[in-house]
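Coordinates as given in work-v6.txt (compact mmCIF, C-alpha atoms):
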```txt
# COMPACT_ATOMS: atom_id res chain seq x y z
CA MET A 1 -17.63 16.18 1.14
CA LEU A 2 -20.08 13.29 0.87
CA THR A 3 -17.69 11.37 -1.39
CA LYS A 4 -14.77 11.66 1.02
CA TRP A 5 -17.01 10.77 3.96
CA LEU A 6 -18.10 7.57 2.19
CA VAL A 7 -14.47 6.68 1.43
CA ARG A 8 -13.43 7.22 5.07
CA ARG A 9 -16.44 5.24 6.30
CA PHE A 10 -16.22 2.19 4.01
CA VAL A 11 -12.61 1.92 2.70
CA ALA A 12 -9.94 0.82 5.17
CA ASP A 13 -6.38 2.05 4.48
CA ALA A 14 -7.81 4.22 1.71
CA ASP A 15 -4.49 5.87 0.83
CA ASN A 16 -2.81 2.58 -0.09
CA VAL A 17 -4.53 2.37 -3.49
CA LYS A 18 -1.84 0.17 -5.09
CA GLN A 19 -2.95 -2.79 -2.98
CA PRO A 20 -5.53 -5.00 -4.79
CA SER A 21 -7.63 -5.36 -1.62
CA VAL A 22 -7.93 -1.57 -1.26
CA ARG A 23 -8.82 -1.16 -4.95
CA TYR A 24 -11.47 -3.84 -4.50
CA ALA A 25 -12.93 -1.95 -1.52
CA TYR A 26 -13.09 1.24 -3.59
CA GLY A 27 -14.72 -0.71 -6.43
CA GLN A 28 -17.32 -2.19 -4.11
CA LEU A 29 -18.14 1.25 -2.69
CA ALA A 30 -18.56 2.74 -6.16
CA GLY A 31 -20.61 -0.22 -7.36
CA ILE A 32 -23.03 -0.43 -4.43
CA THR A 33 -23.50 3.35 -4.37
CA GLY A 34 -24.21 3.37 -8.10
CA LEU A 35 -26.61 0.45 -7.85
CA VAL A 36 -28.68 2.10 -5.10
CA CYS A 37 -28.76 5.50 -6.83
CA ASN A 38 -29.72 4.09 -10.23
CA LEU A 39 -32.52 1.94 -8.81
CA VAL A 40 -33.92 4.96 -6.95
CA LEU A 41 -33.68 7.07 -10.12
CA PHE A 42 -35.37 4.36 -12.17
CA GLY A 43 -38.31 4.28 -9.76
CA ILE A 44 -38.89 8.03 -9.51
CA LYS A 45 -38.38 8.64 -13.26
CA LEU A 46 -40.72 5.81 -14.19
CA LEU A 47 -43.32 7.36 -11.89
CA ALA A 48 -42.78 10.76 -13.52
CA GLY A 49 -43.04 9.24 -17.00
CA ILE A 50 -46.26 7.42 -16.23
CA LEU A 51 -47.81 10.51 -14.65
CA SER A 52 -46.90 12.71 -17.62
CA GLY A 53 -47.22 10.16 -20.43
CA SER A 54 -43.76 11.21 -21.67
CA LEU A 55 -41.87 8.59 -23.66
CA ALA A 56 -38.63 10.54 -23.22
CA VAL A 57 -38.95 10.38 -19.42
CA ILE A 58 -39.83 6.69 -19.46
CA ALA A 59 -36.91 5.99 -21.82
CA ASP A 60 -34.62 7.95 -19.49
CA ALA A 61 -35.90 5.83 -16.59
CA PHE A 62 -35.02 2.60 -18.37
CA ASN A 63 -31.64 4.11 -19.18
CA ASN A 64 -31.10 4.25 -15.41
CA LEU A 65 -32.23 0.65 -15.12
CA SER A 66 -29.60 -0.32 -17.70
CA ASP A 67 -27.11 1.69 -15.63
CA ALA A 68 -28.01 -0.48 -12.64
CA GLY A 69 -27.25 -3.53 -14.80
CA SER A 70 -23.95 -1.93 -15.80
CA VAL A 71 -23.08 -1.47 -12.13
CA ILE A 72 -23.73 -5.16 -11.50
CA VAL A 73 -21.38 -5.99 -14.38
CA THR A 74 -18.76 -3.67 -12.88
CA LEU A 75 -19.12 -5.27 -9.43
CA VAL A 76 -18.76 -8.75 -10.92
CA GLY A 77 -15.74 -7.55 -12.90
CA PHE A 78 -14.07 -6.21 -9.77
CA LYS A 79 -14.83 -9.44 -7.91
CA LEU A 80 -13.34 -11.59 -10.67
CA SER A 81 -10.34 -9.32 -11.21
CA ASN A 82 -9.52 -9.53 -7.51
CA ALA A 83 -9.30 -13.33 -7.67
CA PRO A 84 -5.79 -14.65 -6.90
CA ALA A 85 -3.52 -16.11 -9.54
CA ASP A 86 -3.96 -19.78 -10.36
CA ARG A 87 -2.33 -22.42 -12.55
CA ASP A 88 -4.19 -21.32 -15.69
CA HIS A 89 -3.74 -17.60 -15.00
CA PRO A 90 -0.38 -17.18 -13.23
CA PHE A 91 -0.46 -13.37 -13.63
CA GLY A 92 -3.85 -13.02 -11.96
CA HIS A 93 -7.24 -11.98 -13.34
CA GLY A 94 -6.82 -8.20 -13.40
CA ARG A 95 -7.81 -7.86 -17.07
CA MET A 96 -11.34 -8.93 -16.15
CA GLU A 97 -11.81 -5.28 -15.15
CA TYR A 98 -11.20 -4.26 -18.76
CA LEU A 99 -13.69 -6.85 -19.98
CA SER A 100 -16.30 -5.64 -17.50
CA THR A 101 -15.75 -2.09 -18.78
CA MET A 102 -16.53 -3.32 -22.29
CA GLY A 103 -19.65 -4.97 -20.91
CA VAL A 104 -20.75 -1.64 -19.44
CA ALA A 105 -20.13 0.03 -22.81
CA VAL A 106 -22.22 -2.57 -24.67
CA LEU A 107 -25.12 -2.04 -22.25
CA ILE A 108 -24.85 1.72 -22.78
CA ILE A 109 -25.02 1.25 -26.56
CA LEU A 110 -27.99 -1.12 -26.35
CA ALA A 111 -29.87 1.35 -24.15
CA GLY A 112 -29.14 4.09 -26.66
CA PHE A 113 -30.48 2.04 -29.57
CA GLU A 114 -33.67 1.20 -27.68
CA VAL A 115 -34.30 4.87 -26.90
CA ALA A 116 -33.57 5.78 -30.54
CA VAL A 117 -36.12 3.31 -31.92
CA SER A 118 -38.83 4.47 -29.51
CA SER A 119 -38.06 8.13 -30.24
CA VAL A 120 -38.28 7.67 -34.01
CA GLU A 121 -41.67 6.02 -33.55
CA LYS A 122 -42.89 8.98 -31.49
CA ILE A 123 -41.61 11.48 -34.07
CA PHE A 124 -43.83 9.87 -36.71
CA ASN A 125 -46.68 9.21 -34.28
CA PRO A 126 -46.59 12.11 -31.81
CA THR A 127 -48.73 11.98 -28.69
CA PRO A 128 -49.09 14.89 -26.27
CA SER A 129 -47.39 14.79 -22.86
CA ASP A 130 -48.80 16.22 -19.67
CA HIS A 131 -45.96 17.23 -17.34
CA SER A 132 -47.12 18.04 -13.85
CA ALA A 133 -45.13 20.04 -11.34
CA ILE A 134 -44.30 16.78 -9.52
CA SER A 135 -42.73 15.22 -12.63
CA LEU A 136 -40.65 18.36 -13.21
CA VAL A 137 -39.40 18.32 -9.62
CA ILE A 138 -38.51 14.65 -10.01
CA LEU A 139 -36.45 15.42 -13.13
CA VAL A 140 -34.58 18.22 -11.34
CA ALA A 141 -33.83 15.89 -8.41
CA ALA A 142 -32.63 13.22 -10.83
CA ILE A 143 -30.25 15.70 -12.48
CA LEU A 144 -28.73 16.65 -9.11
CA ILE A 145 -28.28 13.00 -8.08
CA LYS A 146 -26.63 12.06 -11.37
CA LEU A 147 -24.40 15.13 -11.23
CA TRP A 148 -23.11 13.99 -7.84
CA MET A 149 -22.66 10.43 -9.18
CA ALA A 150 -20.59 11.73 -12.09
CA VAL A 151 -18.27 13.57 -9.69
CA PHE A 152 -18.23 10.60 -7.28
CA ASN A 153 -17.33 8.01 -9.94
CA ARG A 154 -14.72 10.24 -11.52
CA TYR A 155 -13.06 10.76 -8.13
CA ILE A 156 -13.04 7.03 -7.32
CA GLY A 157 -11.96 6.06 -10.84
CA LYS A 158 -9.05 8.52 -10.90
CA THR A 159 -8.02 7.55 -7.37
CA ILE A 160 -7.60 3.86 -8.20
CA ASP A 161 -6.96 4.26 -11.95
CA SER A 162 -10.04 2.22 -12.92
CA ASP A 163 -11.35 2.54 -16.48
CA ALA A 164 -14.53 0.73 -15.45
CA ILE A 165 -15.45 3.29 -12.79
CA ILE A 166 -14.33 6.22 -14.96
CA ALA A 167 -16.67 4.80 -17.63
CA ALA A 168 -19.48 4.78 -15.06
CA GLY A 169 -18.69 8.44 -14.34
CA ILE A 170 -18.89 9.24 -18.05
CA ASP A 171 -22.24 7.45 -18.21
CA SER A 172 -23.49 9.50 -15.25
CA ARG A 173 -22.36 12.69 -16.96
CA ASN A 174 -24.25 11.59 -20.07
CA ASP A 175 -27.34 11.00 -17.96
CA VAL A 176 -27.09 14.56 -16.62
CA ILE A 177 -27.10 15.86 -20.20
CA CYS A 178 -29.87 13.48 -21.26
CA THR A 179 -32.16 14.27 -18.32
CA THR A 180 -31.53 17.99 -18.75
CA LEU A 181 -32.69 17.70 -22.37
CA VAL A 182 -35.75 15.76 -21.21
CA LEU A 183 -36.46 18.49 -18.64
CA VAL A 184 -36.18 21.18 -21.34
CA SER A 185 -38.55 19.17 -23.52
CA ALA A 186 -40.98 18.84 -20.62
CA LEU A 187 -40.91 22.57 -19.90
CA VAL A 188 -41.48 23.40 -23.57
CA SER A 189 -44.36 20.91 -23.74
CA ARG A 190 -45.91 22.27 -20.54
CA PHE A 191 -45.83 25.95 -21.47
CA THR A 192 -46.16 25.82 -25.29
CA SER A 193 -47.91 23.77 -27.94
CA TRP A 194 -44.65 22.31 -29.24
CA GLU A 195 -44.12 18.58 -28.79
CA LEU A 196 -40.35 17.90 -28.72
CA ASP A 197 -40.46 14.59 -26.85
CA GLY A 198 -39.49 12.34 -29.77
CA TYR A 199 -36.78 14.65 -31.08
CA ILE A 200 -35.18 15.10 -27.67
CA GLY A 201 -35.35 11.35 -27.09
CA LEU A 202 -33.53 10.69 -30.39
CA LEU A 203 -30.86 13.28 -29.56
CA VAL A 204 -30.37 11.66 -26.15
CA ALA A 205 -30.11 8.22 -27.76
CA LEU A 206 -27.44 9.28 -30.26
CA PHE A 207 -25.40 10.84 -27.47
CA VAL A 208 -25.65 7.68 -25.38
CA VAL A 209 -24.56 5.45 -28.29
CA TRP A 210 -21.61 7.71 -29.06
CA SER A 211 -20.44 7.63 -25.44
CA GLY A 212 -20.67 3.82 -25.40
CA PHE A 213 -18.43 3.50 -28.44
CA SER A 214 -15.99 5.98 -26.88
CA VAL A 215 -15.67 3.77 -23.79
CA ILE A 216 -15.04 0.69 -25.96
CA ARG A 217 -12.33 2.50 -27.88
CA GLN A 218 -10.55 3.46 -24.66
CA THR A 219 -10.81 -0.08 -23.26
CA VAL A 220 -9.57 -1.95 -26.31
CA SER A 221 -6.19 -0.20 -26.17
CA PRO A 222 -4.89 -1.80 -22.91
CA LEU A 223 -6.21 -5.19 -24.03
CA LEU A 224 -4.19 -4.89 -27.24
CA GLY A 225 -1.07 -3.92 -25.28
CA GLN A 226 -0.75 -0.15 -25.23
CA ALA A 227 2.46 1.70 -24.38
CA PRO A 228 3.06 1.95 -20.61
CA ASP A 229 2.60 5.10 -18.60
CA GLU A 230 5.52 7.45 -19.33
CA GLN A 231 5.87 8.54 -15.72
CA LEU A 232 6.08 4.93 -14.53
CA VAL A 233 8.82 4.20 -17.11
CA LYS A 234 10.74 7.29 -15.99
CA ASP A 235 10.38 6.34 -12.31
CA ILE A 236 11.65 2.81 -12.98
CA GLU A 237 14.64 4.09 -14.94
CA GLU A 238 15.58 6.60 -12.23
CA THR A 239 15.24 3.99 -9.49
CA VAL A 240 17.39 1.40 -11.28
CA LEU A 241 20.12 3.92 -12.15
CA SER A 242 20.18 5.22 -8.57
CA PHE A 243 21.90 2.04 -7.42
CA ASP A 244 25.69 2.07 -7.29
CA GLY A 245 26.98 -0.54 -9.73
CA VAL A 246 24.30 -0.03 -12.40
CA VAL A 247 25.70 2.10 -15.24
CA GLY A 248 22.98 1.77 -17.88
CA ILE A 249 19.55 0.39 -18.71
CA HIS A 250 17.90 -0.75 -21.94
CA ASP A 251 15.33 -3.14 -23.47
CA MET A 252 12.68 -2.31 -20.87
CA MET A 253 9.30 -3.96 -21.40
CA VAL A 254 6.24 -3.24 -19.26
CA HIS A 255 3.25 -5.59 -19.35
CA ASP A 256 -0.17 -4.62 -17.98
CA TYR A 257 -2.20 -7.50 -16.51
CA GLY A 258 -4.84 -5.19 -15.11
CA PRO A 259 -4.78 -2.10 -12.87
CA GLY A 260 -2.23 -2.57 -10.10
CA ARG A 261 -0.78 -5.68 -11.78
CA VAL A 262 2.30 -4.66 -13.74
CA ILE A 263 5.19 -6.91 -14.74
CA ALA A 264 8.37 -5.43 -16.22
CA SER A 265 11.62 -6.76 -17.64
CA LEU A 266 14.79 -4.86 -18.49
CA HIS A 267 18.53 -5.15 -19.07
CA ALA A 268 20.77 -3.48 -16.49
CA GLU A 269 24.38 -2.77 -17.49
CA VAL A 270 27.01 -3.48 -14.83
CA PRO A 271 30.81 -3.12 -14.95
CA ALA A 272 32.39 -6.30 -16.35
CA ASP A 273 35.34 -6.09 -13.93
CA ARG A 274 33.11 -6.06 -10.86
CA ASP A 275 32.51 -9.25 -8.89
CA MET A 276 29.50 -10.94 -10.49
CA ILE A 277 28.13 -12.16 -7.15
CA GLU A 278 28.18 -8.59 -5.86
CA SER A 279 26.48 -7.29 -9.03
CA HIS A 280 23.85 -10.02 -8.76
CA ASP A 281 23.08 -8.97 -5.19
CA ILE A 282 22.63 -5.37 -6.35
CA ILE A 283 20.19 -6.49 -9.06
CA ASP A 284 18.19 -8.41 -6.45
CA LEU A 285 17.95 -5.24 -4.36
CA VAL A 286 16.79 -3.29 -7.42
CA GLU A 287 13.98 -5.78 -8.08
CA ARG A 288 12.83 -5.59 -4.46
CA GLU A 289 12.90 -1.79 -4.49
CA LEU A 290 10.77 -1.61 -7.64
CA MET A 291 8.24 -3.91 -6.01
CA ARG A 292 8.20 -1.83 -2.83
CA LYS A 293 7.89 1.57 -4.52
CA PHE A 294 5.70 0.83 -7.53
CA ASN A 295 4.20 -2.65 -6.90
CA VAL A 296 5.91 -3.78 -10.12
CA ILE A 297 7.20 -7.34 -10.46
CA THR A 298 10.49 -6.98 -12.35
CA CYS A 299 12.82 -9.45 -14.04
CA ILE A 300 16.24 -7.90 -14.69
CA HIS A 301 18.86 -9.31 -17.05
CA MET A 302 22.40 -8.33 -16.08
CA ASP A 303 24.65 -7.12 -18.94
CA PRO A 304 28.38 -6.90 -18.10
CA ILE A 305 30.06 -4.12 -20.08
CA ASP A 306 33.64 -2.88 -20.30
CA THR A 307 33.85 0.47 -18.54
CA ASN A 308 37.63 0.84 -18.19
CA ASP A 309 39.27 0.15 -21.57
CA PRO A 310 40.11 3.57 -23.10
CA GLU A 311 39.98 2.35 -26.71
CA THR A 312 36.56 0.72 -26.24
CA LEU A 313 35.21 3.88 -24.65
CA ARG A 314 36.66 5.99 -27.49
CA LEU A 315 35.05 3.82 -30.15
CA LYS A 316 31.72 3.86 -28.32
CA GLU A 317 31.81 7.65 -28.13
CA LEU A 318 32.62 7.72 -31.85
CA ALA A 319 29.65 5.48 -32.68
CA VAL A 320 27.30 7.55 -30.50
CA GLY A 321 28.45 10.71 -32.26
CA GLU A 322 27.69 9.25 -35.69
CA LEU A 323 24.25 8.09 -34.57
CA THR A 324 23.46 11.56 -33.25
CA ALA A 325 24.61 13.08 -36.55
CA ILE A 326 22.18 10.82 -38.43
CA ASP A 327 19.23 11.37 -36.06
CA GLU A 328 19.22 12.63 -32.48
CA ARG A 329 16.48 10.13 -31.60
CA LEU A 330 18.80 7.14 -32.19
CA SER A 331 20.59 5.45 -29.29
CA LEU A 332 22.74 2.36 -28.81
CA HIS A 333 23.40 -0.25 -26.15
CA ASP A 334 25.22 -3.56 -25.65
CA PHE A 335 28.34 -2.05 -27.19
CA ARG A 336 31.23 -4.50 -27.60
CA VAL A 337 34.48 -4.43 -29.57
CA VAL A 338 36.38 -7.33 -31.14
CA PHE A 339 39.87 -6.19 -32.06
CA GLY A 340 41.77 -7.87 -34.91
CA PRO A 341 45.06 -7.40 -36.78
CA SER A 342 43.39 -6.15 -39.99
CA HIS A 343 40.04 -4.75 -38.81
CA THR A 344 37.94 -4.08 -35.75
CA ASN A 345 34.30 -5.16 -35.29
CA LEU A 346 31.94 -2.85 -33.42
CA ILE A 347 28.98 -4.87 -32.16
CA PHE A 348 25.95 -3.02 -30.80
CA ASP A 349 22.15 -2.60 -30.92
CA VAL A 350 20.56 0.57 -32.28
CA VAL A 351 17.19 1.70 -30.92
CA VAL A 352 14.96 3.58 -33.38
CA PRO A 353 11.49 5.18 -33.12
CA PHE A 354 8.55 3.16 -34.46
CA ASP A 355 8.04 5.61 -37.30
CA TYR A 356 11.70 5.66 -38.39
CA PRO A 357 11.99 5.32 -42.21
CA ASP A 358 14.30 2.83 -43.98
CA LYS A 359 15.29 0.86 -40.90
CA SER A 360 16.84 -1.83 -43.07
CA GLN A 361 19.28 0.69 -44.59
CA LEU A 362 20.41 2.13 -41.27
CA PRO A 363 23.22 -0.39 -40.46
CA SER A 364 24.97 0.24 -43.78
CA ARG A 365 24.63 4.02 -43.32
CA ILE A 366 26.25 3.82 -39.90
CA GLU A 367 29.07 1.59 -41.14
CA LYS A 368 29.85 3.89 -44.08
CA ARG A 369 30.09 6.90 -41.78
CA LEU A 370 32.41 5.05 -39.39
CA GLN A 371 34.60 3.74 -42.23
CA ALA A 372 34.90 7.27 -43.57
CA ILE A 373 36.69 8.01 -40.28
CA ASP A 374 38.62 4.71 -40.07
CA GLU A 375 38.39 2.18 -42.90
CA ARG A 376 39.33 -0.67 -40.53
CA LEU A 377 36.06 -0.32 -38.62
CA PHE A 378 33.30 -2.81 -39.41
CA THR A 379 29.94 -3.13 -37.68
CA VAL A 380 27.55 -5.83 -36.56
CA ILE A 381 24.34 -3.95 -35.82
CA GLN A 382 20.95 -5.10 -34.60
CA VAL A 383 18.16 -2.55 -35.18
CA GLU A 384 15.26 -2.60 -32.69
CA THR A 385 12.38 -0.40 -31.59
CA LYS A 386 11.74 0.85 -28.09
CA TYR A 387 8.93 -0.82 -26.13
CA THR A 388 8.44 2.01 -23.62
```
Translate this structure into structure tokens?
Amino acid sequence: MLTKWLVRRFVADADNVKQPSVRYAYGQLAGITGLVCNLVLFGIKLLAGILSGSLAVIADAFNNLSDAGSVIVTLVGFKLSNAPADRDHPFGHGRMEYLSTMGVAVLIILAGFEVAVSSVEKIFNPTPSDHSAISLVILVAAILIKLWMAVFNRYIGKTIDSDAIIAAGIDSRNDVICTTLVLVSALVSRFTSWELDGYIGLLVALFVVWSGFSVIRQTVSPLLGQAPDEQLVKDIEETVLSFDGVVGIHDMMVHDYGPGRVIASLHAEVPADRDMIESHDIIDLVERELMRKFNVITCIHMDPIDTNDPETLRLKELAVGELTAIDERLSLHDFRVVFGPSHTNLIFDVVVPFDYPDKSQLPSRIEKRLQAIDERLFTVIQVETKYT
């Protein structure tokens, strides 16, 4: 309830999450909320740590201070990623959000290492802790606040598809686990003679470091150029093929320049006997529709294909049948036929999976199968992998 109230109060046009300005508003809300909460948690945990003399509590407090620094990095990342395109960066600055996520992850790892070093020292040089009722209440309150922050950041991150804010939610979840362990350690220390402070602190530190590396691993993938979202690819294909005059689609590429900044290119097959001006107008409408529905800038190459010649269609069906017999995952496009008095050339591209074995041998295999049916058939085949 509180999360949705904050969204309604501080994010205008909250449902239009594909717009960069709305995403920026969500990012600001998440960042400022996180900054305030982490600074409050740092203050009350530091007070609890000083009162009890617990290194684990003090370390947990400074973990929240590092979280506040992470929030500042996230806010800066959102500000920079929202900057308009310029001459040096014509596709905008959206990938700054990925870089800011990596910055958050590095800060998480550094905080984990610092806690680990301090905890190891306390294991070898244990000192008793004195947890008062006030410090225990503070730890319980901190757990409840961080639990809400984990839910809050996850909701915002999923709503606007932001890895940076999702990472902040993961960090908040980690803090819930860490502070719970610290609370358990405090209760054990208060009611028994066991001193678990150093051991719990080391366990917390290892968990924090692991979570930081997990965030980095997830962030590196889009920077390297990961495969696009399958649902987006399917939606684009269905939208393009819904237009009268488009009979096929292939060679789609989708480039991610940051959340909400997607650029795609594809080949759309149109009947060769249709007026080219008319087909060009249809392609323009397709590009505008993709921008309207999915906020995707699209560049479409128009491929005229013969859709009426019976012999061309028969040979295409024959080639498709042989591809299916070899492997059902194979497909073809850009099919053309050059007829001659002594032989016929079938010219087409074959699309194969990335893990397909012996790609170099595939053209000769296809040609042999076709020539077993008609020895006058020769092939000119280009083998390529699918980008979506």
Centre and edge lengths, as AutoDock Vina command-line options, for the axis-aligned box enclosing every listed atom of stretch 249-258 of chain A with 6 Å of padding on each of the six sides, in Å to one decimal?
```
--center_x 7.4 --center_y -3.6 --center_z -19.3 --size_x 36.4 --size_y 19.9 --size_z 20.4
```
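Residues with any atom within 12 Å of A:Arg261, counting all atoms listed in the file and excluding same-chain neighbours fewer than 5 positions away, are Lys18, Gln19, Pro20, Arg23, Ser81, Asn82, Pro84, Ala85, Pro90, Phe91, Gly92, His93, Gly94, Arg95, Met96, Glu97, Asp161, Val254, His255, Asp256, Met291, Phe294, Asn295, Val296, Ile297 and Thr298 of chain A.
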For atom CA of A:Thr219 and atom CA of A:Val262, quote the distance in Å rounded to one decimal.
16.8 Å
Counting only C-alpha atoms, the option among A:Ile109, A:Met149, A:Val233, A:Val286 closest to A:Gly169:
A:Met149
Figure out the distance between atom CA of A:Leu80 and atom CA of A:Gly157, please, to one decimal in Å.
17.7 Å
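Relative to atom CA of A:Ser279, atom CA of A:Thr312 is found at 21.5 Å.
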Got a sec: who's within 8 Å of stretch 321-329 of chain A, counting only C-alpha atoms, leaving out chain neighbours fewer than 2 positions off, as a PyMOL selection string?
chain A and resi 317-319+331+352-353+366+369-370
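Distance check against A:Leu144 using only C-alpha atoms: of A:Ile236, A:Cys37, A:Ser189, A:Leu46, the minimum falls on A:Cys37.
Counting only C-alpha atoms, the residue from A:Thr3, A:Ser193, A:Ser54, A:Asn125 that sits nearest to A:Thr159 is A:Thr3.
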Sort by chain and increasing residue number a table of all residues of stretch 243-310 of chain A within 12 Å of stretch 337-344 of chain A, each with its closest pair of atoms and their distance in Å to one decimal, counting all atoms listed in the file, and write it as a tab-separated table.
```
residue	atom	partner	partner_atom	distance
A:Ile305	CA	A:Val337	CA	10.5
A:Asp306	CA	A:Val337	CA	9.4
A:Asp309	CA	A:Val337	CA	10.4
A:Pro310	CA	A:Val337	CA	11.7
```
Would you list the contacts of A:Val220 as a ChimeraX atom specification, taking every protein, DNA or RNA residue within 12 Å and counting all atoms listed in the file, but skipping same-chain residues closer than 5 positions in sequence?
/A:95,97-103,105,163,213-215,225-226
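Every residue within 10 Å of the file position (27.7, 3.2, -14.2), judged by all atoms listed in the file, is given as Leu241, Ser242, Phe243, Asp244, Gly245, Val246, Val247, Gly248, Ile249, Ala268, Glu269, Val270, Pro271, Ile305 and Thr307 of chain A.
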Out of A:Arg8, A:Ser162, A:Ala168, A:Ala141, which residue has the shortest atom-to-atom distance to A:Leu35 when counting all atoms listed in the file?
A:Ala168
So that I can check the surroundings of A:Asn63, please list as JSON, numbers by chain every protein, DNA and RNA residue that reaches within 9 Å of it, counting all atoms listed in the file and ignoring chain neighbours fewer than 4 positions away.
{"A": [42, 58, 59, 67, 68, 108, 111, 112, 115, 175]}
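The nearest approach to A:Asp349 among the residues A:Lys368, A:Arg292, A:Lys386, A:Arg87, with all atoms listed in the file taken into account, belongs to A:Lys386.
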Neighbouring residues of stretch 121-123 of chain A were defined as those with any atom within 9 Å, considering all atoms listed in the file; residues of the same chain fewer than 6 positions away were excluded. Please report them as a PDB file with C-alpha atoms, keeping the file's coordinate frame.
```pdb
ATOM      1  CA  LEU A  55     -41.870   8.590 -23.660  1.00  0.00           C
ATOM      2  CA  LEU A 196     -40.350  17.900 -28.720  1.00  0.00           C
ATOM      3  CA  ASP A 197     -40.460  14.590 -26.850  1.00  0.00           C
ATOM      4  CA  GLY A 198     -39.490  12.340 -29.770  1.00  0.00           C
ATOM      5  CA  TYR A 199     -36.780  14.650 -31.080  1.00  0.00           C
ATOM      6  CA  LEU A 202     -33.530  10.690 -30.390  1.00  0.00           C
TER       7      LEU A 202
END
```
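When all atoms listed in the file are used to compute distances to A:Asp358, the closest of the residues A:Ile277, A:Leu147, A:Leu346, A:Val383 turns out to be A:Val383.
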